[in-house]
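Reproduced below: coords.txt, with compact mmCIF, C-alpha atoms.
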```
# COMPACT_ATOMS: atom_id res chain seq x y z
CA MET A 282 96.21 87.36 69.65
CA GLU A 283 92.70 86.16 70.34
CA THR A 284 93.22 85.49 74.04
CA LEU A 285 94.25 89.09 74.65
CA GLN A 286 91.04 90.32 73.06
CA ARG A 287 88.81 87.93 74.97
CA LYS A 288 87.17 89.91 77.72
CA VAL A 289 86.51 88.83 81.27
CA GLY A 290 83.42 89.96 83.11
CA PRO A 291 80.49 88.97 85.24
CA ASP A 292 78.61 87.74 82.18
CA ASP A 293 81.40 85.51 80.99
CA ILE A 294 82.68 83.63 84.00
CA ASP A 295 83.87 80.08 83.87
CA THR A 296 83.93 79.05 87.51
CA ALA A 297 86.40 76.26 86.86
CA GLU A 298 88.72 78.71 85.13
CA VAL A 299 88.38 81.20 87.96
CA ALA A 300 89.26 78.54 90.51
CA ALA A 301 92.26 77.44 88.47
CA ALA A 302 93.36 81.03 87.99
CA PHE A 303 93.41 81.78 91.70
CA GLU A 304 95.22 78.55 92.44
CA TRP A 305 97.84 79.46 89.84
CA SER A 306 98.24 82.94 91.32
CA ARG A 307 98.48 81.55 94.84
CA ASN A 308 101.22 79.16 93.83
CA LEU A 309 103.32 82.02 92.54
CA MET A 310 103.94 83.05 96.13
CA PRO A 311 104.62 79.84 98.03
CA GLN A 312 106.80 81.55 100.64
CA ASP A 313 104.55 84.43 101.49
CA ALA A 314 101.56 83.73 103.71
CA VAL A 315 100.36 87.32 103.67
CA GLN A 316 100.13 87.51 99.92
CA ARG A 317 98.54 84.09 99.71
CA SER A 318 95.91 85.13 102.21
CA THR A 319 95.31 88.31 100.25
CA ILE A 320 94.79 86.30 97.10
CA ASP A 321 92.42 84.03 98.95
CA ALA A 322 90.49 87.09 100.06
CA SER A 323 90.49 88.36 96.49
CA LYS A 324 89.00 85.10 95.32
CA ALA A 325 86.37 85.29 98.01
CA LEU A 326 85.48 88.90 97.33
CA LEU A 327 85.05 88.18 93.65
CA ARG A 328 81.68 86.80 94.65
CA SER A 329 80.68 90.28 95.64
CA HIS A 330 81.83 91.66 92.32
CA LEU A 331 79.70 89.00 90.70
CA SER A 332 76.73 90.13 92.79
CA ASP A 333 76.67 87.00 94.87
CA LYS A 334 76.35 88.21 98.44
CA ARG A 335 76.32 84.79 100.08
CA GLY A 336 78.68 84.50 102.92
CA CYS A 337 80.05 87.96 102.40
CA SER A 338 80.35 88.68 106.10
CA ASP A 339 82.83 85.86 106.50
CA LEU A 340 84.62 86.91 103.37
CA THR A 341 84.87 90.47 104.55
CA ALA A 342 86.29 89.30 107.83
CA LYS A 343 88.94 87.32 105.99
CA ALA A 344 89.80 90.31 103.86
CA GLN A 345 90.08 92.56 106.87
CA ALA A 346 92.27 90.03 108.63
CA ALA A 347 94.56 89.88 105.63
CA GLU A 348 94.67 93.66 105.48
CA THR A 349 95.45 93.95 109.17
CA GLU A 350 98.17 91.33 108.97
CA PHE A 351 99.74 93.02 106.00
CA LYS A 352 99.79 96.44 107.61
CA GLN A 353 101.15 95.07 110.86
CA LYS A 354 103.91 93.34 109.02
CA TYR A 355 104.67 96.39 106.89
CA PRO A 356 103.88 99.47 108.98
CA ALA A 357 105.31 101.79 106.36
CA HIS A 358 102.52 100.82 104.05
CA ILE A 359 100.72 103.99 102.96
CA GLY A 360 98.61 102.58 100.17
CA ARG A 361 95.01 103.26 99.42
CA SER A 362 92.48 102.85 102.16
CA GLU A 363 91.52 99.29 101.39
CA LEU A 364 89.86 98.85 104.73
CA ARG A 365 87.32 101.51 103.88
CA LEU A 366 86.57 99.76 100.62
CA VAL A 367 86.02 96.55 102.49
CA GLN A 368 83.78 98.36 104.94
CA HIS A 369 81.85 99.78 102.02
CA PHE A 370 81.49 96.27 100.70
CA ALA A 371 80.27 95.11 104.09
CA ASP A 372 77.76 97.95 104.27
CA GLN A 373 76.41 97.05 100.84
CA ALA A 374 76.13 93.37 101.60
CA MET B 109 115.84 92.89 82.74
CA GLY B 110 117.54 96.21 82.10
CA ILE B 111 116.04 98.77 79.77
CA ILE B 112 117.90 98.98 76.46
CA GLY B 113 115.62 101.37 74.61
CA GLU B 114 113.96 98.77 72.47
CA GLY B 115 110.58 100.21 73.41
CA SER B 116 108.77 102.86 75.38
CA ILE B 117 107.60 102.75 78.98
CA ALA B 118 103.89 102.67 79.77
CA ASP B 119 102.80 103.81 83.22
CA LEU B 120 99.12 103.02 83.51
CA GLY B 121 97.47 104.66 86.49
CA THR B 122 100.27 106.90 87.67
CA TRP B 123 97.95 108.83 90.05
CA LEU B 124 100.19 111.47 91.67
CA GLY B 125 103.18 110.53 89.56
CA GLY B 126 105.46 108.70 91.95
CA SER B 127 105.92 105.78 89.61
CA THR B 128 106.36 108.06 86.59
CA ALA B 129 109.05 110.06 88.36
CA ALA B 130 110.95 106.91 89.28
CA LEU B 131 110.69 105.52 85.78
CA ALA B 132 111.64 108.81 84.12
CA ALA B 133 114.58 109.32 86.46
CA GLY B 134 115.87 105.87 85.65
CA LEU B 135 115.33 106.37 81.95
CA SER B 136 117.18 109.69 81.97
CA GLU B 137 120.16 108.04 83.64
CA ASN B 138 120.13 105.09 81.27
CA SER B 139 123.32 105.09 79.24
CA THR B 140 122.02 102.83 76.51
CA PRO B 141 122.03 104.96 73.33
CA ALA B 142 118.68 103.72 72.10
CA SER B 143 117.00 104.70 75.36
CA THR B 144 117.68 108.40 74.84
CA LYS B 145 114.75 108.65 72.44
CA ARG B 146 112.35 106.75 74.68
CA ARG B 147 109.72 108.26 76.91
CA VAL B 148 107.45 107.34 79.78
CA HIS B 149 103.79 107.53 78.76
CA ALA B 150 101.78 108.23 81.89
CA TYR B 151 98.05 107.55 81.83
CA ASP B 152 95.58 108.70 84.45
CA LEU B 153 92.45 110.74 84.99
CA PHE B 154 94.58 113.28 86.86
CA LEU B 155 91.46 114.42 88.69
CA VAL B 156 91.27 115.26 92.37
CA ASP B 157 89.14 112.88 94.39
CA ASP B 158 88.49 112.39 98.08
CA PHE B 159 91.35 109.97 98.41
CA SER B 160 93.83 112.33 96.76
CA LYS B 161 93.01 115.02 99.28
CA GLU B 162 92.88 112.74 102.29
CA GLN B 163 96.35 111.37 101.65
CA LYS B 164 97.83 114.89 101.76
CA LEU B 165 100.86 113.78 99.79
CA ILE B 166 100.92 116.77 97.43
CA PRO B 167 100.42 120.24 99.00
CA GLU B 168 99.03 121.79 95.81
CA ILE B 169 96.19 119.27 95.69
CA GLN B 170 94.92 120.52 99.02
CA GLN B 171 94.13 123.82 97.29
CA LEU B 172 92.06 122.14 94.58
CA ASN B 173 88.46 120.97 94.63
CA ILE B 174 87.12 117.50 94.06
CA GLY B 175 86.93 116.95 90.32
CA ASP B 176 89.61 119.51 89.45
CA SER B 177 92.44 118.47 87.19
CA PHE B 178 95.80 118.22 88.88
CA LEU B 179 97.61 117.59 85.61
CA PRO B 180 99.49 120.93 85.87
CA THR B 181 100.74 119.86 89.30
CA PHE B 182 101.76 116.48 87.95
CA LEU B 183 103.68 118.13 85.12
CA LYS B 184 105.34 120.52 87.54
CA TYR B 185 106.70 117.64 89.56
CA MET B 186 107.83 115.92 86.39
CA GLY B 187 109.84 119.03 85.50
CA PRO B 188 113.26 117.45 85.93
CA TRP B 189 112.32 114.88 83.30
CA LYS B 190 109.87 116.90 81.21
CA ASP B 191 111.39 115.73 77.94
CA ARG B 192 111.02 112.11 78.97
CA VAL B 193 107.40 112.16 80.15
CA GLU B 194 104.22 112.38 78.12
CA ALA B 195 100.95 112.56 80.06
CA HIS B 196 97.72 111.09 78.70
CA GLN B 197 94.75 112.41 80.63
CA GLY B 198 91.36 110.75 80.58
CA ASP B 199 89.42 107.55 80.90
CA LEU B 200 91.83 104.83 79.86
CA THR B 201 89.08 102.74 78.34
CA GLN B 202 88.65 105.52 75.78
CA GLN B 203 92.34 105.79 74.97
CA ASN B 204 94.68 103.90 72.74
CA TRP B 205 98.32 103.07 73.16
CA VAL B 206 100.61 105.33 71.12
CA GLY B 207 101.80 102.37 69.10
CA ASP B 208 105.43 101.96 70.10
CA PRO B 209 106.69 98.64 71.35
CA ILE B 210 106.45 98.58 75.16
CA GLU B 211 109.63 97.55 76.93
CA LEU B 212 108.42 98.19 80.47
CA MET B 213 104.83 98.43 81.64
CA HIS B 214 103.72 99.44 85.11
CA VAL B 215 100.06 98.61 85.61
CA ASP B 216 98.21 100.17 88.53
CA ILE B 217 94.90 100.82 86.86
CA MET B 218 93.10 97.50 86.77
CA LYS B 219 90.45 98.78 89.18
CA ASN B 220 87.44 97.23 87.45
CA TRP B 221 86.51 94.73 84.75
CA ASP B 222 86.47 97.26 81.89
CA LEU B 223 89.84 98.79 82.68
CA THR B 224 91.34 95.33 83.02
CA ASN B 225 89.96 94.18 79.68
CA HIS B 226 91.16 97.34 77.96
CA VAL B 227 94.70 97.07 79.29
CA TRP B 228 94.98 93.50 78.08
CA SER B 229 93.52 94.15 74.65
CA GLU B 230 95.11 97.53 73.97
CA PHE B 231 98.50 97.51 75.69
CA TYR B 232 99.65 93.92 76.14
CA PRO B 233 99.86 93.26 72.39
CA SER B 234 102.66 95.84 72.17
CA LEU B 235 104.92 94.02 74.61
CA ILE B 236 108.15 92.76 73.10
CA PRO B 237 108.62 88.99 73.22
CA GLY B 238 111.62 88.06 75.30
CA ARG B 239 112.30 91.62 76.33
CA SER B 240 109.43 93.34 78.09
CA THR B 241 108.83 93.51 81.81
CA ILE B 242 105.43 93.96 83.43
CA ILE B 243 105.07 95.38 86.92
CA HIS B 244 101.64 94.24 87.95
CA GLN B 245 100.48 96.33 90.87
CA ASP B 246 97.40 95.04 92.69
CA PHE B 247 98.02 91.51 91.51
CA ALA B 248 97.61 90.27 95.05
CA HIS B 249 95.21 92.96 96.17
CA TYR B 250 92.03 91.44 97.50
CA TRP B 251 89.71 93.96 95.90
CA THR B 252 90.77 93.24 92.33
CA GLY B 253 89.90 89.61 91.81
CA TRP B 254 89.41 90.16 88.10
CA ASN B 255 93.18 90.60 87.78
CA HIS B 256 93.85 86.89 87.92
CA ILE B 257 91.92 85.55 84.97
CA HIS B 258 93.87 87.09 82.09
CA PRO B 259 97.31 86.21 83.49
CA TYR B 260 96.13 82.65 83.98
CA ARG B 261 94.96 82.48 80.39
CA MET B 262 98.33 83.85 79.27
CA ARG B 263 100.45 81.90 81.74
CA GLU B 264 102.27 80.09 78.97
CA PHE B 265 103.73 83.43 77.94
CA LEU B 266 104.38 84.94 81.35
CA GLU B 267 107.34 84.25 83.54
CA PRO B 268 106.95 85.21 87.20
CA CYS B 269 109.98 87.11 88.43
CA GLY B 270 109.18 88.15 91.94
CA THR B 271 107.17 90.24 94.32
CA LEU B 272 107.63 93.36 96.36
CA LEU B 273 106.44 93.28 99.92
CA THR B 274 106.30 96.98 100.57
CA HIS B 275 103.38 99.18 99.67
CA HIS B 276 100.81 97.12 97.82
CA PRO B 277 101.71 93.53 97.21
CA THR B 278 103.23 93.60 93.77
CA TYR B 279 103.93 90.99 91.19
CA PHE B 280 106.48 91.04 88.45
CA ALA B 281 106.13 89.07 85.28
CA CYS B 282 109.01 89.33 82.92
CA ASP B 283 111.48 88.08 80.43
CA PRO B 284 110.08 86.64 78.35
CA PRO B 285 106.53 87.79 78.96
CA PHE B 286 105.45 86.67 75.55
CA ARG B 287 107.31 83.92 73.82
CA GLY B 288 107.45 83.32 70.13
CA ASN B 289 105.49 85.70 67.97
CA THR B 290 102.42 86.00 70.11
CA ALA B 291 102.77 89.71 70.83
CA ALA B 292 103.53 90.48 67.21
CA GLU B 293 100.43 88.58 66.19
CA GLY B 294 98.50 90.79 68.55
CA GLY B 295 99.68 93.91 66.80
CA ALA B 296 102.98 94.77 68.40
CA GLY B 297 104.89 97.51 66.69
```
Written as structure tokens, that's how I'd like the structure from this file.
Amino acid sequence: METLQRKVGPDDIDTAEVAAAFEWSRNLMPQDAVQRSTIDASKALLRSHLSDKRGCSDLTAKAQAAETEFKQKYPAHIGRSELRLVQHFADQA
Amino acid sequence: MGIIGEGSIADLGTWLGGSTAALAAGLSENSTPASTKRRVHAYDLFLVDDFSKEQKLIPEIQQLNIGDSFLPTFLKYMGPWKDRVEAHQGDLTQQNWVGDPIELMHVDIMKNWDLTNHVWSEFYPSLIPGRSTIIHQDFAHYWTGWNHIHPYRMREFLEPCGTLLTHHPTYFACDPPFRGNTAAEGGAG
């Protein structure tokens, strides 16, 4: 199927499609504010992945807030050290 | 949503093997006759990195150096299900799916653009329309924004099933993940 073979990447970004994609993802979780905020942070941080550093301090703060909220709500969470990745992102910005 | 042995299980990015162990244990207890011949195909680099050591989840890894393979340790822990697990070590972007239909796919490897593209082009076509389940780890993780574009493009063929709120936010898409003949057109076995 052609869609499965069509790659995504920094050189082939349709901003309208990206916006629609995140809105679609967000709407999959209407009852969960933590996950919605995490998806919002993901959308924001995509700018960094696309080498657009504008406003990244604010975006990093949002991501960290989402991370903190998630870990406070689920203290048993032992996943990867996302906060360090975010800090790395902040250091690079 | 239950596994009936119509296809294999793909565990992409198993890391230390927790997901593979759970999947293999379930598969070994599955009473469906067709499932007895099915296996869990676990893909990972199986290389020690800083994170692996810092987490201190596996004692043996503490004795290894950064860059060492911990595949033998992984296989040791998979011992109870050794006949149901096949490990595939290496860069996933350089590997191909074994070709079986995929009945259940756990994806925890979409850590960059290239890995994401490869999973969609190489593994998704083998999903079974109306049968397969995808466990999409990192779907709501804020570092992996690239994860949202492909599912959006394929939304017509994905049915959201739910989320898990422990560990990483997790998203299930399932039954039927691909309607009609779309997966077959993509090269499903």
Within 6 Å of chain B: residues of chain A, using all atoms listed in the file, as a list in words: Met282, Leu285, Gln286, Lys288, Gly290, Ala302, Thr319, Ile320, Ala322, Ser323, Lys324, Leu327, His358 and Gly360 of chain A
Separation of CA of Asp321 in chain A from CA of Phe265 in chain B in Å: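 Those two atoms sit 23.9 Å apart.
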Atomic separation - CA of Ala325 in chain A relative to CA of Gln345 in chain A, Å: 12.0 Å
Interatomic distance (Å, one decimal) between CA of Phe154 in chain B and CA of Ile243 in chain B: 20.7 Å
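Minimum distance to Leu326 in chain A across A:Arg287, A:Lys354, A:Lys343, A:Ser306 (counting only C-alpha atoms) occurs at A:Lys343.
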Near-Arg146 in chain B list (9 Å; all atoms listed in the file; drop same-chain fewer than 4 positions) as a list in words: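 The residues satisfying every condition are Gly113, Glu114, Gly115, Ser116, Ile117, Leu135, Ala142 and Arg192 of chain B.
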Could you save the residues just selected, with C-alpha atoms, as a tab-separated table (two decimals), in the coordinates of the input?
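The resulting file, result30.tsv, is shown below:
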```tsv
chain	number	residue	atom	x	y	z
B	113	GLY	CA	115.62	101.37	74.61
B	114	GLU	CA	113.96	98.77	72.47
B	115	GLY	CA	110.58	100.21	73.41
B	116	SER	CA	108.77	102.86	75.38
B	117	ILE	CA	107.60	102.75	78.98
B	135	LEU	CA	115.33	106.37	81.95
B	142	ALA	CA	118.68	103.72	72.10
B	192	ARG	CA	111.02	112.11	78.97
```
Option closest in space to Glu211 in chain B, from B:Ser240, B:Ser143, B:Thr128, B:Gln197 [counting all atoms listed in the file]: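 Smallest separation from Glu211 in chain B among the options: B:Ser240.
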Expected residue set, 9 Å radius at (99.6, 117.5, 86.7), all atoms listed in the file, as a PyMOL selection string: chain B and resi 124-125+154-155+177-186+195
Counting only C-alpha atoms, the residue of B:Ala133, B:Val206, B:Leu120, B:Leu165 that sits nearest Lys219 in chain B: B:Leu120
Counting all atoms listed in the file, the option among A:Ser318, A:Gln353, A:Thr284, A:Ser329 closest to Glu304 in chain A: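 Counting all atoms listed in the file, the residue closest to Glu304 in chain A is A:Ser318.
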